[in-house]
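A.B. asks: So that you have it, the file is target.cif, and it contains mmCIF, C-alpha atoms and all ligand atoms:
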data_start
#
loop_
_atom_site.label_atom_id
_atom_site.label_comp_id
_atom_site.auth_asym_id
_atom_site.auth_seq_id
_atom_site.Cartn_x
_atom_site.Cartn_y
_atom_site.Cartn_z
CA MET A 62 68.90 18.49 28.13
CA LYS A 63 67.29 20.88 30.57
CA VAL A 64 67.90 24.53 31.34
CA ARG A 65 66.50 26.10 34.49
CA LEU A 66 66.04 29.86 34.73
CA LYS A 67 66.67 32.07 37.74
CA PRO A 68 63.58 33.08 39.72
CA GLY A 69 61.59 35.80 37.91
CA ARG A 70 63.52 35.38 34.67
CA GLU A 71 60.68 33.40 33.04
CA ARG A 72 58.68 36.60 32.48
CA SER A 73 59.78 37.41 28.94
CA LEU A 74 59.25 33.80 27.84
CA LEU A 75 55.74 33.84 29.29
CA ARG A 76 55.09 36.79 26.98
CA ARG A 77 56.48 34.62 24.16
CA HIS A 78 59.61 36.63 23.55
CA PRO A 79 61.91 34.08 21.89
CA TRP A 80 65.32 34.81 23.44
CA VAL A 81 66.97 33.50 26.63
CA TYR A 82 70.00 35.55 27.67
CA SER A 83 72.91 33.84 29.40
CA GLY A 84 72.34 35.93 32.54
CA ALA A 85 68.84 34.47 33.01
CA ILE A 86 70.08 30.92 33.32
CA ASP A 87 70.46 29.31 36.72
CA LYS A 88 71.37 25.73 35.90
CA VAL A 89 72.05 23.54 32.89
CA SER A 90 71.76 19.77 33.20
CA GLY A 91 74.29 18.03 30.98
CA SER A 92 76.39 19.93 28.47
CA PRO A 93 74.31 20.64 25.39
CA ALA A 94 76.19 21.05 22.13
CA SER A 95 75.67 24.24 20.18
CA GLY A 96 72.45 23.98 18.19
CA GLU A 97 71.05 21.17 20.32
CA THR A 98 67.43 21.40 21.45
CA VAL A 99 67.02 22.12 25.16
CA GLU A 100 63.98 22.18 27.40
CA VAL A 101 63.68 25.53 29.19
CA ARG A 102 61.99 25.48 32.59
CA ALA A 103 61.17 28.16 35.15
CA SER A 104 62.80 28.11 38.59
CA ASP A 105 59.68 26.35 39.95
CA GLY A 106 60.14 23.62 37.33
CA ARG A 107 57.28 24.41 35.00
CA PHE A 108 57.80 23.99 31.27
CA LEU A 109 58.42 27.19 29.30
CA ALA A 110 59.80 26.36 25.87
CA TRP A 111 61.86 24.20 23.54
CA ALA A 112 64.87 26.16 22.39
CA ALA A 113 68.08 25.86 20.40
CA TRP A 114 71.20 26.14 22.54
CA SER A 115 73.90 28.61 21.44
CA SER A 116 76.89 27.93 23.64
CA GLN A 117 78.89 30.99 22.52
CA SER A 118 76.26 33.70 22.18
CA GLN A 119 74.93 36.09 24.81
CA ILE A 120 71.55 34.97 23.51
CA ARG A 121 72.15 31.52 24.94
CA ALA A 122 68.96 29.89 23.68
CA ARG A 123 66.43 30.77 20.96
CA VAL A 124 62.94 29.44 21.23
CA TRP A 125 61.52 27.00 18.71
CA SER A 126 58.23 26.43 20.44
CA PHE A 127 56.32 27.35 23.58
CA GLU A 128 54.18 24.18 23.48
CA GLU A 129 55.38 21.13 25.40
CA PRO A 130 54.11 18.56 22.85
CA ASP A 131 55.92 20.41 20.02
CA LYS A 132 59.46 19.20 20.51
CA PRO A 133 61.07 20.14 17.19
CA ASP A 134 62.00 17.38 14.78
CA ALA A 135 62.31 17.26 10.99
CA GLY A 136 58.54 17.07 10.46
CA TRP A 137 57.90 19.97 12.79
CA LEU A 138 60.50 22.13 10.99
CA ARG A 139 58.96 21.29 7.62
CA GLY A 140 55.68 22.54 9.08
CA ARG A 141 57.31 25.83 10.08
CA ILE A 142 58.51 26.34 6.50
CA GLY A 143 54.97 25.61 5.33
CA ARG A 144 53.61 28.19 7.75
CA SER A 145 56.08 30.84 6.50
CA LEU A 146 55.07 30.25 2.90
CA ALA A 147 51.36 30.35 3.80
CA LEU A 148 51.87 33.73 5.48
CA ARG A 149 53.44 35.12 2.28
CA ARG A 150 50.56 33.74 0.21
CA ALA A 151 48.09 35.41 2.58
CA LEU A 152 49.69 38.78 1.78
CA GLY A 153 48.26 38.49 -1.73
CA PRO A 154 49.87 39.65 -4.95
CA ARG A 155 52.30 42.49 -4.43
CA ASP A 156 51.59 44.34 -7.63
CA GLY A 157 48.86 44.42 -10.21
CA SER A 158 50.94 42.85 -12.96
CA GLY A 159 51.45 39.56 -11.12
CA ARG A 160 55.01 39.49 -12.49
CA ASP A 161 56.82 40.30 -9.26
CA ASN A 162 59.06 37.39 -8.38
CA ALA A 163 61.27 38.46 -5.50
CA LEU A 164 60.35 38.43 -1.83
CA ARG A 165 61.43 37.33 1.61
CA LEU A 166 60.02 33.90 2.40
CA VAL A 167 61.44 33.41 5.90
CA HIS A 168 62.23 36.23 8.30
CA GLY A 169 63.86 34.62 11.32
CA GLU A 170 62.17 35.02 14.69
CA ALA A 171 59.00 36.43 13.09
CA ASP A 172 58.48 33.07 11.37
CA GLY A 173 59.37 30.99 14.42
CA LEU A 174 62.74 30.09 12.86
CA PRO A 175 65.26 32.23 14.79
CA GLY A 176 68.32 32.88 12.68
CA LEU A 177 66.97 31.76 9.29
CA ILE A 178 66.59 34.21 6.41
CA VAL A 179 65.38 33.03 3.02
CA ASP A 180 64.92 35.38 0.08
CA ARG A 181 63.43 34.29 -3.20
CA TYR A 182 64.76 35.73 -6.47
CA ALA A 183 62.85 34.17 -9.39
CA ASP A 184 63.56 30.43 -9.06
CA THR A 185 66.63 30.86 -6.84
CA LEU A 186 66.45 30.88 -3.06
CA VAL A 187 69.17 32.58 -1.05
CA MET A 188 69.54 31.26 2.47
CA GLN A 189 71.32 32.84 5.43
CA VAL A 190 71.99 30.64 8.43
CA LEU A 191 72.63 32.95 11.37
CA SER A 192 72.18 30.81 14.49
CA ALA A 193 73.51 27.56 15.87
CA GLY A 194 70.00 26.07 15.95
CA ILE A 195 69.39 26.68 12.26
CA GLU A 196 72.91 25.44 11.47
CA ARG A 197 72.05 22.11 13.05
CA TRP A 198 68.89 21.71 10.95
CA ARG A 199 70.08 23.34 7.73
CA ASP A 200 69.74 20.26 5.54
CA VAL A 201 66.23 19.47 6.71
CA LEU A 202 65.27 23.12 6.14
CA ALA A 203 66.91 23.26 2.69
CA ASP A 204 65.08 20.10 1.57
CA ALA A 205 61.79 21.46 2.87
CA LEU A 206 62.31 24.74 1.02
CA ILE A 207 63.01 23.04 -2.32
CA GLU A 208 60.09 20.66 -1.84
CA GLN A 209 57.57 23.32 -0.86
CA THR A 210 58.58 26.19 -3.18
CA GLY A 211 59.45 24.20 -6.31
CA CYS A 212 62.49 26.47 -6.76
CA ALA A 213 65.45 25.14 -8.75
CA ARG A 214 68.25 25.93 -6.35
CA ILE A 215 69.41 27.30 -3.02
CA TYR A 216 72.52 29.44 -2.74
CA GLU A 217 73.87 29.94 0.77
CA ARG A 218 75.07 33.39 1.91
CA SER A 219 75.99 32.63 5.50
CA ASP A 220 78.66 35.33 5.49
CA ALA A 221 77.03 37.84 7.84
CA ASP A 222 79.09 39.10 10.81
CA VAL A 223 76.52 37.88 13.34
CA ARG A 224 77.59 34.29 12.67
CA GLU A 225 80.80 35.05 14.56
CA LEU A 226 78.78 35.77 17.72
CA GLU A 227 77.37 32.25 17.39
CA GLY A 228 80.86 30.79 16.93
CA LEU A 229 80.06 29.77 13.37
CA PRO A 230 82.48 30.23 10.45
CA ALA A 231 81.33 32.06 7.31
CA ARG A 232 80.08 29.81 4.52
CA THR A 233 78.82 30.52 1.01
CA GLY A 234 78.08 28.34 -1.99
CA ALA A 235 75.52 26.28 -3.86
CA MET A 236 73.48 24.29 -1.34
CA ARG A 237 70.85 22.64 -3.54
CA GLY A 238 70.93 22.59 -7.34
CA ASP A 239 73.62 24.30 -9.41
CA ALA A 240 75.23 27.65 -8.64
CA PRO A 241 73.08 30.43 -10.10
CA ALA A 242 74.30 32.36 -13.13
CA VAL A 243 74.70 35.90 -11.81
CA PRO A 244 73.38 38.44 -12.01
CA LEU A 245 69.85 37.03 -11.94
CA GLU A 246 66.94 39.04 -13.25
CA ILE A 247 64.01 39.90 -11.01
CA VAL A 248 60.87 41.98 -11.44
CA GLU A 249 59.69 44.38 -8.72
CA HIS A 250 56.55 46.43 -9.22
CA GLY A 251 56.99 45.90 -12.94
CA LEU A 252 60.61 47.14 -13.06
CA CYS A 253 63.51 44.78 -13.66
CA TYR A 254 66.66 44.53 -11.64
CA ALA A 255 69.80 42.42 -11.95
CA VAL A 256 70.74 40.89 -8.62
CA ASP A 257 74.15 39.46 -7.78
CA VAL A 258 73.28 36.89 -5.14
CA ILE A 259 76.89 35.67 -4.99
CA GLY A 260 78.92 38.88 -4.71
CA GLY A 261 76.25 41.45 -3.76
CA GLN A 262 75.50 42.80 -0.29
CA LYS A 263 73.37 40.70 2.11
CA THR A 264 71.45 38.21 -0.04
CA GLY A 265 71.92 40.44 -3.11
CA PHE A 266 69.08 42.97 -2.92
CA TYR A 267 67.32 45.05 -0.27
CA LEU A 268 63.87 43.54 -0.58
CA ASP A 269 62.70 45.30 2.58
CA GLN A 270 62.52 48.58 0.63
CA ARG A 271 60.36 47.18 -2.18
CA ASP A 272 57.11 48.97 -1.37
CA ASN A 273 58.93 52.14 -0.30
CA ARG A 274 60.67 52.29 -3.67
CA ASN A 275 57.23 52.12 -5.23
CA ARG A 276 56.00 54.92 -3.01
CA ILE A 277 58.88 57.11 -4.23
CA ARG A 278 57.87 56.25 -7.77
CA GLU A 279 54.41 57.69 -7.05
CA LEU A 280 55.90 60.92 -5.70
CA ALA A 281 58.72 61.56 -8.14
CA SER A 282 56.98 63.09 -11.14
CA GLY A 283 58.60 66.32 -12.32
CA ARG A 284 61.22 66.28 -9.56
CA GLU A 285 65.00 66.42 -9.53
CA VAL A 286 66.03 63.51 -7.33
CA LEU A 287 69.11 62.76 -5.22
CA ASN A 288 69.40 59.13 -4.08
CA CYS A 289 72.02 58.71 -1.35
CA PHE A 290 73.33 55.19 -0.60
CA CYS A 291 71.79 54.01 -3.87
CA TYR A 292 73.30 50.47 -3.95
CA THR A 293 72.12 48.96 -7.26
CA GLY A 294 69.87 51.90 -8.08
CA GLY A 295 66.48 50.81 -6.74
CA PHE A 296 65.08 54.16 -5.57
CA SER A 297 66.57 55.99 -8.57
CA ILE A 298 65.03 53.66 -11.12
CA ALA A 299 61.67 53.77 -9.34
CA ALA A 300 61.82 57.59 -9.33
CA LEU A 301 62.72 57.76 -13.02
CA ALA A 302 59.89 55.34 -13.82
CA GLY A 303 57.61 57.70 -11.93
CA GLY A 304 58.58 60.62 -14.15
CA ALA A 305 61.45 62.21 -12.25
CA LEU A 306 63.26 64.79 -14.38
CA SER A 307 66.63 63.42 -13.28
CA ALA A 308 68.20 61.22 -10.63
CA VAL A 309 71.67 61.68 -9.18
CA SER A 310 72.67 58.51 -7.33
CA VAL A 311 75.57 58.17 -4.93
CA ASP A 312 77.21 55.14 -3.34
CA SER A 313 80.69 54.21 -2.17
CA SER A 314 80.60 50.77 -3.78
CA GLY A 315 81.93 50.52 -7.35
CA PRO A 316 80.42 47.08 -8.07
CA ALA A 317 77.00 48.25 -6.80
CA LEU A 318 77.12 51.26 -9.11
CA GLU A 319 78.10 49.10 -12.07
CA LEU A 320 74.97 47.02 -11.57
CA ALA A 321 72.94 50.18 -10.95
CA ARG A 322 73.91 51.57 -14.37
CA ARG A 323 72.99 48.31 -16.01
CA ASN A 324 69.65 48.26 -14.16
CA ALA A 325 68.83 51.79 -15.27
CA GLN A 326 69.60 50.95 -18.90
CA ALA A 327 67.54 47.77 -18.76
CA ASN A 328 64.55 49.90 -17.76
CA GLY A 329 65.24 52.48 -20.47
CA PHE A 330 66.93 55.19 -18.39
CA ASP A 331 70.24 56.57 -19.55
CA ALA A 332 72.48 59.58 -19.03
CA PRO A 333 71.96 62.48 -18.67
CA ARG A 334 68.71 61.76 -16.78
CA ALA A 335 70.51 59.18 -14.68
CA GLU A 336 73.85 60.17 -13.14
CA TRP A 337 75.94 57.77 -11.02
CA ILE A 338 78.57 58.98 -8.58
CA GLU A 339 81.04 56.90 -6.57
CA ALA A 340 81.63 58.85 -3.38
CA ASP A 341 81.36 58.88 0.38
CA ILE A 342 78.00 60.47 1.24
CA PHE A 343 79.31 62.44 4.18
CA ARG A 344 81.67 64.18 1.76
CA TYR A 345 79.34 64.33 -1.21
CA LEU A 346 76.60 66.21 0.63
CA ARG A 347 79.07 68.90 1.70
CA ASP A 348 80.59 69.17 -1.78
CA ALA A 349 77.17 69.41 -3.43
CA ARG A 350 76.30 72.26 -1.09
CA SER A 351 79.46 74.19 -1.87
CA GLN A 352 78.71 73.70 -5.58
CA GLY A 353 75.27 75.23 -4.99
CA ARG A 354 73.33 72.12 -6.03
CA SER A 355 69.74 71.55 -4.90
CA PHE A 356 67.02 68.91 -5.34
CA ASP A 357 63.25 68.40 -4.96
CA LEU A 358 63.33 64.83 -3.66
CA ILE A 359 66.13 63.27 -1.62
CA VAL A 360 66.34 59.65 -0.46
CA LEU A 361 68.65 58.75 2.43
CA ASP A 362 68.93 55.01 3.00
CA PRO A 363 72.20 54.45 4.86
CA PRO A 364 73.60 51.13 6.09
CA LYS A 365 73.00 50.01 9.64
CA PHE A 366 74.87 52.58 11.78
CA ALA A 367 73.72 51.00 15.08
CA PRO A 368 73.36 47.21 15.19
CA THR A 369 72.57 47.43 18.92
CA GLU A 370 71.64 50.13 21.44
CA ARG A 371 75.27 50.33 22.52
CA HIS A 372 76.09 51.92 19.16
CA ALA A 373 73.18 54.38 19.31
CA PRO A 374 75.09 57.54 20.35
CA ALA A 375 77.63 57.32 17.49
CA ALA A 376 74.85 56.34 15.09
CA ALA A 377 72.76 59.32 16.20
CA ARG A 378 75.60 61.66 15.24
CA ALA A 379 75.92 60.05 11.81
CA TYR A 380 72.16 60.15 11.16
CA LYS A 381 72.04 63.75 12.24
CA ASP A 382 74.91 64.72 9.99
CA ILE A 383 73.47 63.24 6.80
CA ASN A 384 69.94 64.46 7.49
CA LEU A 385 71.13 67.97 8.27
CA ASN A 386 73.28 68.16 5.16
CA ALA A 387 70.58 66.62 2.96
CA LEU A 388 68.02 69.15 4.21
CA LYS A 389 70.35 71.95 3.20
CA LEU A 390 70.20 70.65 -0.39
CA LEU A 391 66.40 70.39 -0.39
CA ARG A 392 64.39 73.16 -2.00
CA PRO A 393 61.37 74.49 -0.08
CA GLY A 394 58.42 72.22 -0.97
CA GLY A 395 60.88 69.39 -1.61
CA MET A 396 60.61 65.97 -0.01
CA LEU A 397 63.05 63.94 2.05
CA ALA A 398 62.59 60.18 2.43
CA THR A 399 64.91 59.30 5.29
CA PHE A 400 65.48 55.80 6.66
CA SER A 401 67.18 53.92 9.45
CA CYS A 402 67.61 50.14 9.46
CA SER A 403 69.39 50.19 12.84
CA GLY A 404 67.92 47.84 15.43
CA GLY A 405 69.62 50.00 18.07
CA VAL A 406 67.72 53.16 17.08
CA SER A 407 63.97 53.12 17.76
CA ALA A 408 61.45 54.87 15.49
CA ASP A 409 60.92 57.38 18.26
CA LEU A 410 64.62 58.15 18.67
CA PHE A 411 65.04 58.34 14.90
CA GLN A 412 62.30 60.93 14.65
CA LYS A 413 63.98 62.97 17.41
CA ILE A 414 67.32 62.83 15.60
CA VAL A 415 65.71 64.00 12.35
CA ALA A 416 63.87 66.77 14.21
CA GLY A 417 67.20 67.92 15.66
CA ALA A 418 68.80 67.87 12.22
CA THR A 419 65.92 69.90 10.77
CA ALA A 420 66.16 72.51 13.51
CA ASP A 421 69.93 72.80 13.05
CA ALA A 422 69.47 73.19 9.30
CA GLY A 423 67.28 76.20 10.11
CA ALA A 424 64.34 74.46 8.43
CA SER A 425 60.80 73.36 9.22
CA ALA A 426 59.30 70.11 7.92
CA THR A 427 56.01 68.23 7.96
CA ILE A 428 55.71 64.45 8.27
CA LEU A 429 53.74 63.27 5.26
CA ASP A 430 54.16 59.56 5.85
CA ARG A 431 56.03 56.87 7.77
CA PHE A 432 57.88 53.97 6.20
CA HIS A 433 58.27 50.36 7.31
CA ALA A 434 59.74 47.24 5.78
CA SER A 435 57.57 45.50 3.19
CA PRO A 436 55.13 43.09 4.84
CA ASP A 437 56.93 39.90 3.75
CA HIS A 438 59.47 41.05 6.38
CA ALA A 439 56.90 39.98 8.94
CA VAL A 440 56.91 41.47 12.44
CA LEU A 441 55.87 39.35 15.39
CA LEU A 442 54.01 41.36 18.02
CA GLU A 443 55.94 39.56 20.74
CA PHE A 444 59.28 40.38 19.08
CA PRO A 445 59.37 44.12 18.36
CA GLU A 446 63.14 43.89 17.75
CA GLY A 447 62.19 42.46 14.36
CA GLU A 448 60.86 45.84 13.25
CA TYR A 449 64.25 47.30 12.37
CA LEU A 450 63.44 49.47 9.34
CA LYS A 451 61.80 52.82 9.94
CA GLY A 452 61.58 55.94 7.84
CA LEU A 453 59.95 59.31 7.51
CA LEU A 454 58.65 61.11 4.47
CA LEU A 455 59.11 64.81 5.12
CA ARG A 456 58.12 67.90 3.21
CA ARG A 457 60.37 70.90 3.70
CA ASN A 458 58.13 73.86 4.41
N1 LIG B 1 68.65 52.03 -1.01
C1 LIG B 1 69.31 50.83 -1.47
C2 LIG B 1 69.96 50.06 -0.36
C3 LIG B 1 71.02 50.83 0.41
S1 LIG B 1 72.08 49.81 1.34
C4 LIG B 1 68.30 50.00 -2.26
O1 LIG B 1 67.12 50.38 -2.35
O2 LIG B 1 68.70 48.97 -2.78
C5 LIG B 1 73.31 50.92 1.86
C6 LIG B 1 74.32 51.32 0.80
O3 LIG B 1 75.18 52.31 1.37
C7 LIG B 1 75.23 50.24 0.27
O4 LIG B 1 75.12 50.16 -1.12
C8 LIG B 1 76.66 50.70 0.64
O5 LIG B 1 77.61 50.43 -0.38
C9 LIG B 1 76.47 52.18 0.80
N2 LIG B 1 77.38 52.91 1.70
C10 LIG B 1 77.77 52.56 2.94
N3 LIG B 1 78.51 53.56 3.49
C11 LIG B 1 78.55 54.56 2.58
C12 LIG B 1 79.13 55.86 2.57
N4 LIG B 1 79.80 56.33 3.64
N5 LIG B 1 78.98 56.63 1.49
C13 LIG B 1 78.30 56.16 0.40
N6 LIG B 1 77.71 54.95 0.37
C14 LIG B 1 77.84 54.16 1.44
#
Before we go any further, please render this structure as structure tokens.
Ligand code: SAH
C.D. replies:
Amino acid sequence: MKVRLKPGRERSLLRRHPWVYSGAIDKVSGSPASGETVEVRASDGRFLAWAAWSSQSQIRARVWSFEEPDKPDAGWLRGRIGRSLALRRALGPRDGSGRDNALRLVHGEADGLPGLIVDRYADTLVMQVLSAGIERWRDVLADALIEQTGCARIYERSDADVRELEGLPARTGAMRGDAPAVPLEIVEHGLCYAVDVIGGQKTGFYLDQRDNRNRIRELASGREVLNCFCYTGGFSIAALAGGALSAVSVDSSGPALELARRNAQANGFDAPRAEWIEADIFRYLRDARSQGRSFDLIVLDPPKFAPTERHAPAAARAYKDINLNALKLLRPGGMLATFSCSGGVSADLFQKIVAGATADAGASATILDRFHASPDHAVLLEFPEGEYLKGLLLRRN
């Protein structure tokens, strides 16, 4: 099957950006099925890429390879898995203890496997299939993962909303091996966490924040901490391990908080040092202010308010609101670690929003550091969209 682009529309592919939008396509020979491999050619006929066809998505084709001899087949895909694992090995050990056993092994486009996410939790792999191309090759990829990692099982969590855009139904369940007994236990920077890979959010844990949680641990000594959007307690437990005097943690999810409590106890942190509150953050921050509460370290790690740029204006208002209200609870000399995982909000825009919030709070702040996703969430230079997580570490002056 061949796809010919409109004149001039080959430019992004020549820079090795891996997406072909439907509007760039001039002509399709034959009628490729969703997930089928197509040959993408420029309007003058020259070869550009092998790509997976997605008949229902605006991103109509996702590139497997820019090399003409590399038409993807099972062997080629096994090689891509091998390359992903080699990249993670090249990152070296993630903590001194050598006990860490959870990381992202495959990060979609950045690993040349658009739409495939694989997270490792001890000897369980959790796989998300998010594109028609990966759906077509899922068995080959699953076999390669078991073979090359030596893990006992793969559990599938293909229940992300983006599957709908690809015309794929949600699917979850054991894919290789038995279903895991949940929650599973993992170790991250020497701390242990229970992860519910079956019922938890995403693949069960936010591995992208691993090194940032550790950074907060280094900064937390002697501080009273507020962790907003705490999920299963990661930043709170890291802060307590770093010598925080106390950690108040807030999330709207009851099941997440239940696991958070259990995680804190497993690491030796109990009430009253650790306090867990089920609430909506937008409300909680206002209530805490009217109760006269204040903190020396606040973490703000909200869910994705803007999946795409179209959602950016509404997201900007939400980011501004929580940052402004968090700053009002921060004592002078206190620190704010504020994050955005929205693809639709650039690091630059995020910094502007936070600056606006700081000004409106009548405060001044200094940037002490910038946060990114942990390096196993690889970023391909040609695909900056992959760098979704950004954050600022601020000191209130
Ligand atoms: N920092 C966490 C991950 C946060 S994910 C970690 O290190 O693991 C975002 C969290 O925000 C989820 O747990 C979700 O339940 C919660 N959430 C979403 N909207 C919320 C709201 N309006 N108020 C409180 N929590 C919310």
A.B. asks: Which is closer to Leu74 of chain A than all the others in A:Ser126, A:Gln117, A:Ser310, A:Thr293, using all atoms listed in the file?
C.D. replies: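 Nearest candidate to Leu74 of chain A out of A:Ser126, A:Gln117, A:Ser310, A:Thr293: A:Ser126.
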A.B. asks: Neighbours of segment 147-161 of chain A within 7 Å (only C-alpha atoms; same-chain residues fewer than 4 positions away dropped), as a list in words?
C.D. replies: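 Using only C-alpha atoms, the neighbours found are Gly143, Leu166, Val248, Glu249, His250, Gly251 and Asp437 of chain A.
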A.B. asks: Counting all atoms listed in the file, which protein, DNA or RNA residues come within 9 Å of ligand LIG 1 (chain B), given as an NGL selection string?
C.D. replies: :A and (262 or 266-271 or 273-274 or 288-297 or 311-318 or 339-345 or 360-365)
A.B. asks: Please measure the separation of atom CA of Ala281 of chain A and atom CA of Ala420 of chain A, giving the value in Å to one decimal.
C.D. replies: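 Separation of atom CA of Ala281 of chain A and atom CA of Ala420 of chain A: 25.4 Å.
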A.B. asks: What is the distance between atom CA of Pro130 of chain A and atom CA of Ser118 of chain A, in Å to one decimal?
C.D. replies: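 Interatomic distance, atom CA of Pro130 of chain A to atom CA of Ser118 of chain A: 26.8 Å.
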A.B. asks: Need the axis-aligned box for segment 221-225 of chain A with 8 Å each side, so what are the centre and edges in Å to one decimal, as lines of an AutoDock Vina configuration file?
C.D. replies:
center_x = 78.7
center_y = 36.7
center_z = 11.2
size_x = 20.3
size_y = 20.8
size_z = 22.7
A.B. asks: How many Å lie between atom CA of Arg77 of chain A and atom CA of Phe444 of chain A, rounded to one decimal?
C.D. replies: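 Going from atom CA of Arg77 of chain A over to atom CA of Phe444 of chain A covers 8.2 Å.
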A.B. asks: If you count all atoms listed in the file, which residues fall within 12 Å of Thr264 of chain A, apart from same-chain ones fewer than 2 positions away, as a PyMOL selection string?
C.D. replies: chain A and resi 163-165+178-182+185-190+215-221+233+256-262+266-269
A.B. asks: Save out the residues we just selected, C-alpha atoms, as a PDB file, in the coordinates of the input.
C.D. replies:
ATOM      1  CA  ALA A 163      61.270  38.460  -5.500  1.00  0.00           C
ATOM      2  CA  LEU A 164      60.350  38.430  -1.830  1.00  0.00           C
ATOM      3  CA  ARG A 165      61.430  37.330   1.610  1.00  0.00           C
ATOM      4  CA  ILE A 178      66.590  34.210   6.410  1.00  0.00           C
ATOM      5  CA  VAL A 179      65.380  33.030   3.020  1.00  0.00           C
ATOM      6  CA  ASP A 180      64.920  35.380   0.080  1.00  0.00           C
ATOM      7  CA  ARG A 181      63.430  34.290  -3.200  1.00  0.00           C
ATOM      8  CA  TYR A 182      64.760  35.730  -6.470  1.00  0.00           C
ATOM      9  CA  THR A 185      66.630  30.860  -6.840  1.00  0.00           C
ATOM     10  CA  LEU A 186      66.450  30.880  -3.060  1.00  0.00           C
ATOM     11  CA  VAL A 187      69.170  32.580  -1.050  1.00  0.00           C
ATOM     12  CA  MET A 188      69.540  31.260   2.470  1.00  0.00           C
ATOM     13  CA  GLN A 189      71.320  32.840   5.430  1.00  0.00           C
ATOM     14  CA  VAL A 190      71.990  30.640   8.430  1.00  0.00           C
ATOM     15  CA  ILE A 215      69.410  27.300  -3.020  1.00  0.00           C
ATOM     16  CA  TYR A 216      72.520  29.440  -2.740  1.00  0.00           C
ATOM     17  CA  GLU A 217      73.870  29.940   0.770  1.00  0.00           C
ATOM     18  CA  ARG A 218      75.070  33.390   1.910  1.00  0.00           C
ATOM     19  CA  SER A 219      75.990  32.630   5.500  1.00  0.00           C
ATOM     20  CA  ASP A 220      78.660  35.330   5.490  1.00  0.00           C
ATOM     21  CA  ALA A 221      77.030  37.840   7.840  1.00  0.00           C
ATOM     22  CA  THR A 233      78.820  30.520   1.010  1.00  0.00           C
ATOM     23  CA  VAL A 256      70.740  40.890  -8.620  1.00  0.00           C
ATOM     24  CA  ASP A 257      74.150  39.460  -7.780  1.00  0.00           C
ATOM     25  CA  VAL A 258      73.280  36.890  -5.140  1.00  0.00           C
ATOM     26  CA  ILE A 259      76.890  35.670  -4.990  1.00  0.00           C
ATOM     27  CA  GLY A 260      78.920  38.880  -4.710  1.00  0.00           C
ATOM     28  CA  GLY A 261      76.250  41.450  -3.760  1.00  0.00           C
ATOM     29  CA  GLN A 262      75.500  42.800  -0.290  1.00  0.00           C
ATOM     30  CA  PHE A 266      69.080  42.970  -2.920  1.00  0.00           C
ATOM     31  CA  TYR A 267      67.320  45.050  -0.270  1.00  0.00           C
ATOM     32  CA  LEU A 268      63.870  43.540  -0.580  1.00  0.00           C
ATOM     33  CA  ASP A 269      62.700  45.300   2.580  1.00  0.00           C
TER      34      ASP A 269
END
A.B. asks: Using all atoms listed in the file, which of the listed residues (A:Arg322, A:Arg199, A:Arg350, A:Arg139) sits closest to Trp337 of chain A?
C.D. replies: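 Ranked by minimum distance to Trp337 of chain A, first place goes to A:Arg322.
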A.B. asks: Would you list the contacts of Ala379 of chain A as number ranges by chain, taking every protein, DNA or RNA residue within 10 Å and counting all atoms listed in the file, but skipping same-chain residues closer than 3 positions in sequence?
C.D. replies: A: 343, 363, 366-367, 373-376, 382-385, 414
A.B. asks: Nearest to Val415 of chain A among A:Lys67, A:Lys263, A:Lys381, A:Arg72, with distances taken over only C-alpha atoms: which residue is it?
C.D. replies: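 Among the listed residues, A:Lys381 lies closest to Val415 of chain A.
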